[in-house]
Amino acid sequence: MAFRNGLRRGMSGVLAAAVVAGGLSVAATTTLTGTEAQAADEQFIPLLVYRTGPYAPNGIPAANGALDYYSLINERDGGINGVTLAFEECEYRYDTKLGVECYERLKNQGPTGASIVMPLSTGVTYQLNPRAPVDKIPVHSMGYGQTAASDGRVFPWTFTFPTTYWSQASAFIKFVGAQEGGMENLAGKTIVLVYHNSPYGKEPIPTLQVLAEKLGYTLELLPVDHPGQEQRATWLQIRKIRPDWTFLWGWGVMNQVALKEAAAIAYDMERLIGVWWSSSESDVVPAGDDAIGYRGGSFHSPGAGFPLHDEILQTLYGGDAAAAAEKNFGEVLYNRGLLSSVYTTEAIRTAQAKYGNRPLTGAEVRWGLENLDLTEERLAELGLAGFTPPVKITCEDHEGNGPVIIQQWDGQNWNIVSDWIEPMQDVVRPMIEAAAAQYAEENNITPRDCSQEM
Amino acid sequence: MTVLTYITDLYNTFFATRSRAINTVFVTVISLLALFAVPTLANEYWLQAILIPFLIFALAALGLNLLTGFAGQLSLGTGGFMAVGAYSAFKMTTAWPELDIIAVFLISGFFAAGVGILFGLPSLRIKGFYLAVATLAAQFFLIWLFNRVPWFYNDNPSGTITAPPRTFAGVMITGPEAAAEVRYLVALVLLAVFVFFSWNLMRSRFGRAWMAVRDMDVAAEIVGIPLLRTKLLAFGVSSYLCGVAGALFVFLYLGSAETIAFDVNISFLVLFMIIVGGLGSITGSIIGAAFITILPIFLTNLNPILGIDLAVDLAKHIEVIIFGGLIIVILILEPHGMARLIQVSRERLRI
Amino acid sequence: MAGGGSEETAAAPEALLRLDAVEVVYDHVISVLQGVSIAVPEGAIVALLGPNGAGKTTTLKAVSNLLRVERGEITGGEIHFRGERIDRLAPGDLVRRGIIQVMEGRRCFPHLTVHENLLTGSYTRKDGKAAVRADLDRVYGHFPALAERRRILAGFISGGEQQMLAIGRALMSRPAMVLLDEPSMGLAPQVVARIFSEVRQLNREEGVTFLLAEQNANVALGVADFGYIMDSGQIALEGTAAELRDNPAVREHYLGLSRAADAGPDEGGHVG
Amino acid sequence: MEFLWDFFVAPFLDMIEYPVFLGEVAISGLLTGVMYSLVALGFVLIFKASQVFNFAQGAMVLFAALTLVGLMEHGLPVWGALPVTALIMVGLAFVIERGMLRPLINQPPITLFMATIGLTFLLEGAGEWAWGSNVKALDLGIPNSPVDVGGMLLNEFDMIAALVAAVLVAVLALLFQHTPMGRALRAVADDPQAALSLGISLRTIWIIVWSVAGIVAIVAGIMWGAKSGVQFSLSLIALKALPVLILGGLTSVPGAIVGGLIIGLGEKVAEVYWGPVIGGAIENWFAYMLAMLVLMFRPQGLFGEKIIERV
Amino acid sequence: MSAEARGGHPTPGEPMLSVEGIVLRFGGVQALAGVEFTIHAGEICAIIGPNGAGKTSMLNVLNGAYQPSEGVITFKGRSRRRMHPRTAAQEGMARTFQNVALFKGMSTLDNVMAGRNLKMHSNFVACLLPAGPARAEEARHRAYADEVISFLEIEDIRNVPVGRLPYGLQKRVELARALAAEPDLLLLDEPMAGMNRGEKAEMCRFILETKARFGTTMALIEHDMSVVMELSDHIIVLDYGRKIADGTPEEVRNDQTVIDAYLGVATEDDD
């Protein structure tokens with residue numbers, strides 16, 4: 001007992017010392033990093049990743065893809081026009097609070113501070129969108145986040161390209177209409193949306209509702225609470241409703257369970273279509289062969305069959321396909337991470353053309369993003385011909401009107417099974433502008449006048 | 001000056017070793033530091049990522065500690081009650097933009113108190129872990145409700161609530177433009193005020209009634225303490241503080257939030273804080289909040305400091321393991337929480 | 001008193017159990033026993049008397065090492081059993097060596113049947129099922145009431161039966177010595193008498209040694225050979241049962257006799 | 001008015017109109033409930049024997065499943081990986097007894113509860129560190145196909161899971177009722193100190209029940225892992241088991257089973273029939289509300305020991 | 001002042017509390033089988049009897065901790081079928097417990113102050129403030145509590161959490177808590193259990209002084225006959241849930257039924 005008391009006293013001392021020392025050292029690192037002598041020709045890019053926790057299966061491949069492209073640029077080209085990319089990962093377990101902490105920690109690093117941030121989480125995006133204009137760091141939420149932010153007049157600092165949930169929802173309807181032999185045949189059909197019961201999951205509802213009114217199909221909504229490990233009731237309802245089509249808007253374990261449950265009620269997999277965050281390799285793994293035929297949206301191709309992949313394999317992995325596979329090489333989310341990095345580097349390139357080949361500030365990169373014009377030719381130069389459609393960003397439109405593609409699981413791989421489907425801009429864009437206007441009003445934002453921009 | 005005297009009193013009770021004069025000086029110095037030095041010295045990262053969440057969690061922990069540590073009612077509904085505060089603050093400030101934002105914070109707590117009292121009703125019959133799980137019903141239901149009913153987030157398509165820019169006495173308090181220093185000071189002052197009130201309350205007949213109910217409710221009834229009213233008051237006061245903390249959580253810290261920001265993890269987190277800090281100790285709530293908010297960040301920053309270059313996922317795993325291990329170690333060394341641990345070490349060091 | 005430990009065992013070979021100046025502290029601060037010394041000769045019944053809170057139960061628990069669970073700790077003195085020091089042994093080891101405690105309040109397992117309760121007493125035994133079965137028969141022989149109720153949950157039998165069960169359960173460990181705490185508590189006089197006669201019988205017939213803590217000094221001194229009277233964590237008096245019965249101070253303060261009753265020798269006679 | 005009709009009348013009409021579907025919902029609910037019971041069982045065992053509210057049960061499920069699949073990924077066949085995993089869980093029980101329970105003996109329940117939360121972090125961190133964070137498929141070769149039973153489409157996997165749970169409960173019951181160890185375990189559950197006085201070592205019992213809880217966690221991990229893939233989220237199913245546990249009573253094995261059935265049935269019926277009326281995804285809080293409602297009438301749960309307060 | 005608020009205070013010699021036909025059942029067992037007696041204002045009434053006689057159950061019925069299935073309780077002229085603990089406290093009944101029911105995490109002073117809970121009325125908002133009516137009230141009552149504390153000579157332990165006190169002192173703090181309520185009737189359940197001779201003598205002194213100083217009526221359970229004889233004006237003897245004797249110490253002492261039932265068998269109670 002005496003020992004324990006001694007230990008306890010000792011511990012309290014150690015603890016006090018540790019807290020003080022810890023505090024000081026945290027202070028030291030965070031204050032020092034700003035002034036730390038760093039190579040002056042580095043462009044700093046923070047990487048918010050989640051390789052642990054409940055969403056790690058999605059976070060890992062995405063992070064690996066993003067990382068690999070930056071490494072390739074540095075190793076192969078020595079950076080962008082001589083400006084090396086400095087990047088640092090920050091693990092946040094898909095926890096919004098930790099994500100914001102990561103952002104705060106990294107935003108002032110590098111000679112020019114963080115030049116762009118890709119939160120990889122809708123929750124964190126919502127936190128950062130209002131801060132971006134203050135911190136002067138652009139946010140690129142690629143295919144997630146706040147769809148309304150596609151209106152660049154209200155959200156000058158947020159970019160949603162190449163496409164958004166609302167566009168995707170309208171593209172799904174177009175795809176389904178085509179499968180039914182024409183949009184007019186959708187009348188009288190029933191579509192069920194199984195969605196993650198959160199703002200993310202609710203994103204497509206307005207679009208689908210507007211289209212339901214227009215096209216005459218019935219929309220049934222079935223929310224699934226986080227984390228979504230138990231969906232028996234949901235799928236029983238689907239059995240009862242017997243929908244013609246089911247859209248799956250899930251995330252994490254919810255996807256895996258949904259596919260299992262769909263199989264369990266012998267639901268026709270061909271009639272189940274997942275959002276692009278519900279159709280990666282890890283989502284279909286537990287269901288195995290039962291998931292064959294399942295389709296999902298995307299805005300880029302799956303697989304490792306592009307010239308860029310070859311270069312990565314050779315440059316970074318020395319041609320070792322097995323080692324690359326360990327790093328999710330060619331998986332859907334790997335490719336998505338890759339694409340995100342391609343957009344970033346191209347935006348920096350665009351901005352460098354205006355500001356010179358030096359590390360750029362967030363404001364300068366923002367200009368690069370807003371003036372990004374990624375053409376077919378440029379994509380081919382990058383080794384990505386046909387990987388994703390070209391995209392052009394303007395002051396008003398931060399989404400780029402990106403089309404959506406449908407892929408299908410064959411038990412081994414995801415394969416493209418559709419052409420690029422243009423979203424219904426006539427429906428989606430007005431909704432975006434209305435939502436942005438509401439946001440502007442609530443937050444006392446005066447939309448900028450794009451005709452004044454250069 | 002009375003505030004100061006009472007902080008000094010609080011200090012005296014815990015570290016009663018030196019003369020009152022020295023303590024007054026000590027507390028004055030701390031208060032001045034907190035008020036003036038910290039905001040000027042700390043950089044934005046410190047304020048935004050560490051100090052502001054710490055102060056807000058300290059307030060929530062104080063609220064839960066009043067209920068669990070003082071009145072003995074184990075609750076896991078903290079996240080839900082915080083959400084009530086946050087959503088009611090959002091509704092009020094968007095409905096009446098001219099309403100003073102500090103008043104909004106203070107009023108939002110009352111909504112949380114009402115809901116807390118409602119969900120406190122079962123406490124008359126249900127005790128201990130059974131009660132804890134029953135309060136989870138509140139947690140899950142409230143989160144579902146705020147997510148389900150678009151009215152709560154003004155039907156906006158994003159389904160989130162965002163802190164609009166609001167001022168107090170001409171100074172921007174909330175919204176993206178509000179300076180971190182200002183938000184820090186608002187949180188600090190509110191916390192100080194509530195600590196001060198709680199301190200007085202705990203030394204009044206109400207505080208005694210709570211502790212009596214906690215220690216032995218049968219005997220409490222026999223000395224004439226009305227059990228239901230006392231427990232419900234505890235739920236009300238506790239939820240009030242949690243509600244205000246919830247409002248601050250969105251308006252001063254996150255800036256915008258969806259319901260997941262208030263999920264059950266928050267409830268557990270705040271419970272950790274008070275157990276690690278010390279049940280039934282106002283100071284313990286603050287120490288616990290400091291420990292639980294700062295420790296993970298400290299661990300995250302440890303590797304770069306020590307110059308160890310670990311993969312981020314490995315570092316996180318180790319961090320999680322150390323965090324879990326430390327909790328067990330602290331409980332073994334001092335089951336009564338860090339407040340007691342610090343008290344012991346101070347007595348030993350005779351500071 | 002605090003003589004060398006080695007010499008004592010030699011000096012008093014007849015003492016099966018010996019406590020030397022045992023001190024017990026609860027919660028690091030509350031001193032409950034302040035130097036208790038007791039000797040229990042083999043084959044004897046020794047009564048430990050004294051008022052509520054005097055430390056009788058703590059003394060028994062110090063021997064059976066059940067203190068730790070209650071945050072108590074032996075902080076001084078030694079306990080020897082058959083000459084071997086035992087104050088650091090776990091309760092299980094003590095049971096294996098032949099010391100078992102029957103706790104105050106019976107403490108039968110309410111959700112186990114009478115039969116299962118008895119079997120839990122044989123937990124530490126390694127001598128085979130047949131031997132255990134034989135002992136079961138022996139216990140049922142001593143307490144026929146238990147045999148009748150063997151399939152009934154112990155929670156549903158009467159207080160007296162529970163006390164018999166608790167003793168029987170302890171016997172299932174084949175103890176050399178039973179520490180019996182307040183067997184009379186809450187029982188009707190006839191039942192108390194039956195239990196005490198059974199204790200005496202076990203002692204005489206099977207040679208089980210008993211250390212008996214009792215508040216009911218009258219009954220206890222009726223069966224005991226020796227007695228110790230405790231007060232405030234110390235031994236106040238000791239002697240043979242007869243000596244204690246005749247000691248006027250004992251009569252007044254520990255046998256529950258009022259001064260008034262003492263004054264009238266007739267009433268006093270009812271007690272003795 | 002329309003809402004009142006939808007809420008109070010329509011669901012019942014629906015049930016009467018499609019009795020087969022109602023049966024399907026009910027049976028699916030019951031089978032799902034069995035899956036909850038699997039997790040709740042581990043809690044009950046530990047609480048009974050050591051009064052520890054083991055929040056780490058979910059993490060133990062994760063840890064067990066990760067270990068099993070991890071070993072299989074390293075080339076061990078199932079029948080080889082299973083005993084190794086079981087051994088690891090037993091080893092874990094030893095470590096927990098030595099490192100956590102023993103130093104925390106006699107501490108208030110809330111402290112031990114807190115310590116198990118610490119343990120949760122430890123296990124989650126260690127499990128992910130050792131075996132990685134990716135989703136791992138756990139293919140038991142059980143077909144995941146629907147079977148037609150009297151017009152009702154039931155899931156074969158669910159029925160097998162229920163069977164496994166039934167076997168597990170039967171084995172546990174046998175173990176508890178008819179072995180000396182089981183007797184000792186029940187004795188400790190009834191009165192630890194009295195058990196101690198008979199020479200029953202609490203530490204041994206703790207190690208045993210934590211081991212058994214660990215093995216129950218393996219079974220739960222396999223069943224849930226087969227449903228969702230083995231991944232971090234398995235740790236969160238503890239939250240689904242809590243209402244089951246509370247409804248059944250913290251100390252009762254039959255309570256965990258019956259509680260599971262009631263919660264499973266209740267939440268599925270509520271979600272399917274009332275979910276659409278009030279917005280869906282109500283099953284989580286409904287389970288807790290149901291448990292709370294039962295507690296209002298029986299504060300110790302359906303099968304829990306009545307809490308008697310003596311003055 | 002509070003006496004009026006709680007209804008008429010009987011003058012010495014008048015009935016303070018009486019019970020009639022009290023029956024209390026636990027499951028099938030009758031713990032009290034038709035008990036009736038009267039306690040008069042100003043007296044010390046001892047309730048004695050062998051173990052299991054129903055003494056503690058009787059006290060529990062008196063202050064409402066148990067609800068009898070039959071019978072009437074008349075306290076200060078008001079008859080009731082059943083009492084409620086809080087009502088009992090409000091009307092001026094206080095009690096102590098056999099096994100000590102203190103608030104273990106609170107200091108002696110706080111325990112005693114808790115005893116004055118019913119007399120304090122300041123509102124919630126006032127209690128948040130460091131000065132003002134609530135603090136004034138607090139100070140007033142603290143003065144009274146300190147008086148009780150010094151009356152019982154427990155000033156040294158005024159600020160010690162009672163959980164850390166030895167049993168004998170806890171008993172005294174419990175008495176202090178009961179006295180702080182300024183009760184008209186004080187129920188003491190074995191106030192001297194677990195005490196040594198010196199402590200018992202002290203406790204006897206406190207009880208007698210309480211009677212002298214506050215005129216409190218007391219009903220106490222005690223098994224130490226010398227104490228009972230020394231203290232009580234009136235003794236009620238229970239056995240197996242029935243009253244078998246009721247009278248002055250002199251009468252009871254010479255009652256053959258009592259001698260057979262009580263003195264013949266056990267003293268009682270647990271550690």
# chains A, B, ... in the order shown; residues from 1 in each chain; ligands from 1
call {"tool": "closest_atom_pairs", "arguments": {"of": "chain D", "to": "chain C", "cutoff": "12 Å", "atoms": "only C-alpha atoms", "output": "Markdown table"}}
result
| residue | atom | partner | partner_atom | distance |
| --- | --- | --- | --- | --- |
| D:Arg102 | CA | C:Val69 | CA | 10.8 |
| D:Pro103 | CA | C:Val69 | CA | 11.9 |
| D:Leu104 | CA | C:Val69 | CA | 11.1 |
| D:Ile105 | CA | C:Val69 | CA | 7.4 |
| D:Asn106 | CA | C:Val69 | CA | 6.5 |
| D:Gln107 | CA | C:Arg71 | CA | 9.6 |
| D:Phe176 | CA | C:Leu112 | CA | 11.0 |
| D:Gln177 | CA | C:Leu112 | CA | 9.4 |
| D:His178 | CA | C:Glu116 | CA | 9.7 |
| D:Thr179 | CA | C:Glu116 | CA | 10.4 |
| D:Pro180 | CA | C:Tyr123 | CA | 7.2 |
| D:Met181 | CA | C:Tyr123 | CA | 8.4 |
| D:Gly182 | CA | C:Thr120 | CA | 10.0 |
| D:Arg183 | CA | C:Thr120 | CA | 6.7 |
| D:Ala184 | CA | C:Thr120 | CA | 6.2 |
| D:Leu185 | CA | C:Thr120 | CA | 9.7 |
| D:Arg186 | CA | C:Leu112 | CA | 7.5 |
| D:Ala187 | CA | C:Phe109 | CA | 5.9 |
| D:Val188 | CA | C:Phe109 | CA | 8.5 |
| D:Ala189 | CA | C:Phe109 | CA | 8.7 |
| D:Asp190 | CA | C:Phe109 | CA | 5.5 |
| D:Asp191 | CA | C:Phe109 | CA | 6.4 |
| D:Pro192 | CA | C:Val69 | CA | 9.3 |
| D:Gln193 | CA | C:Leu66 | CA | 7.4 |
| D:Ala194 | CA | C:Arg107 | CA | 6.0 |
| D:Ala195 | CA | C:Thr120 | CA | 7.9 |
| D:Leu196 | CA | C:Pro91 | CA | 6.4 |
| D:Ser197 | CA | C:Gln101 | CA | 5.9 |
| D:Leu198 | CA | C:Gly121 | CA | 5.7 |
| D:Gly199 | CA | C:Gly92 | CA | 3.5 |
| D:Ile200 | CA | C:Gly92 | CA | 6.0 |
| D:Ser201 | CA | C:Gly92 | CA | 6.2 |
| D:Leu202 | CA | C:Gly92 | CA | 9.5 |
| D:Arg203 | CA | C:Gly92 | CA | 10.8 |
| D:Thr204 | CA | C:Gly92 | CA | 10.8 |
| D:Ser252 | CA | C:His111 | CA | 11.7 |
| D:Glu305 | CA | C:His111 | CA | 10.5 |
call {"tool": "residues_around", "arguments": {"residues": "range 37-46 of chain B", "least_positions_apart": "6", "cutoff": "10 Å", "atoms": "only C-alpha atoms", "output": "list in words"}}
result
Val26, Ala27, Thr30, Thr31, Val100, Glu101, Cys102, Tyr103, Glu104, Arg105, Leu106, Lys107 and Asn108 of chain A; Ile30, Ser31, Ile52, Ala179, Ala180, Glu181, Val182, Arg183, Tyr184 and Leu185 of chain B
call {"tool": "closest_residue", "arguments": {"among": "E:Met218, E:Ala136, E:Met229, E:Ile236", "to": "Ala178 in chain E", "atoms": "only C-alpha atoms"}}
result
E:Met218
call {"tool": "atom_distance", "arguments": {"atom1": "CA of Asp283 in chain A", "atom2": "CA of Gln256 in chain A"}}
result
4.9 Å
call {"tool": "atom_distance", "arguments": {"atom1": "CA of Leu188 in chain B", "atom2": "CA of Gly170 in chain B"}}
result
18.8 Å
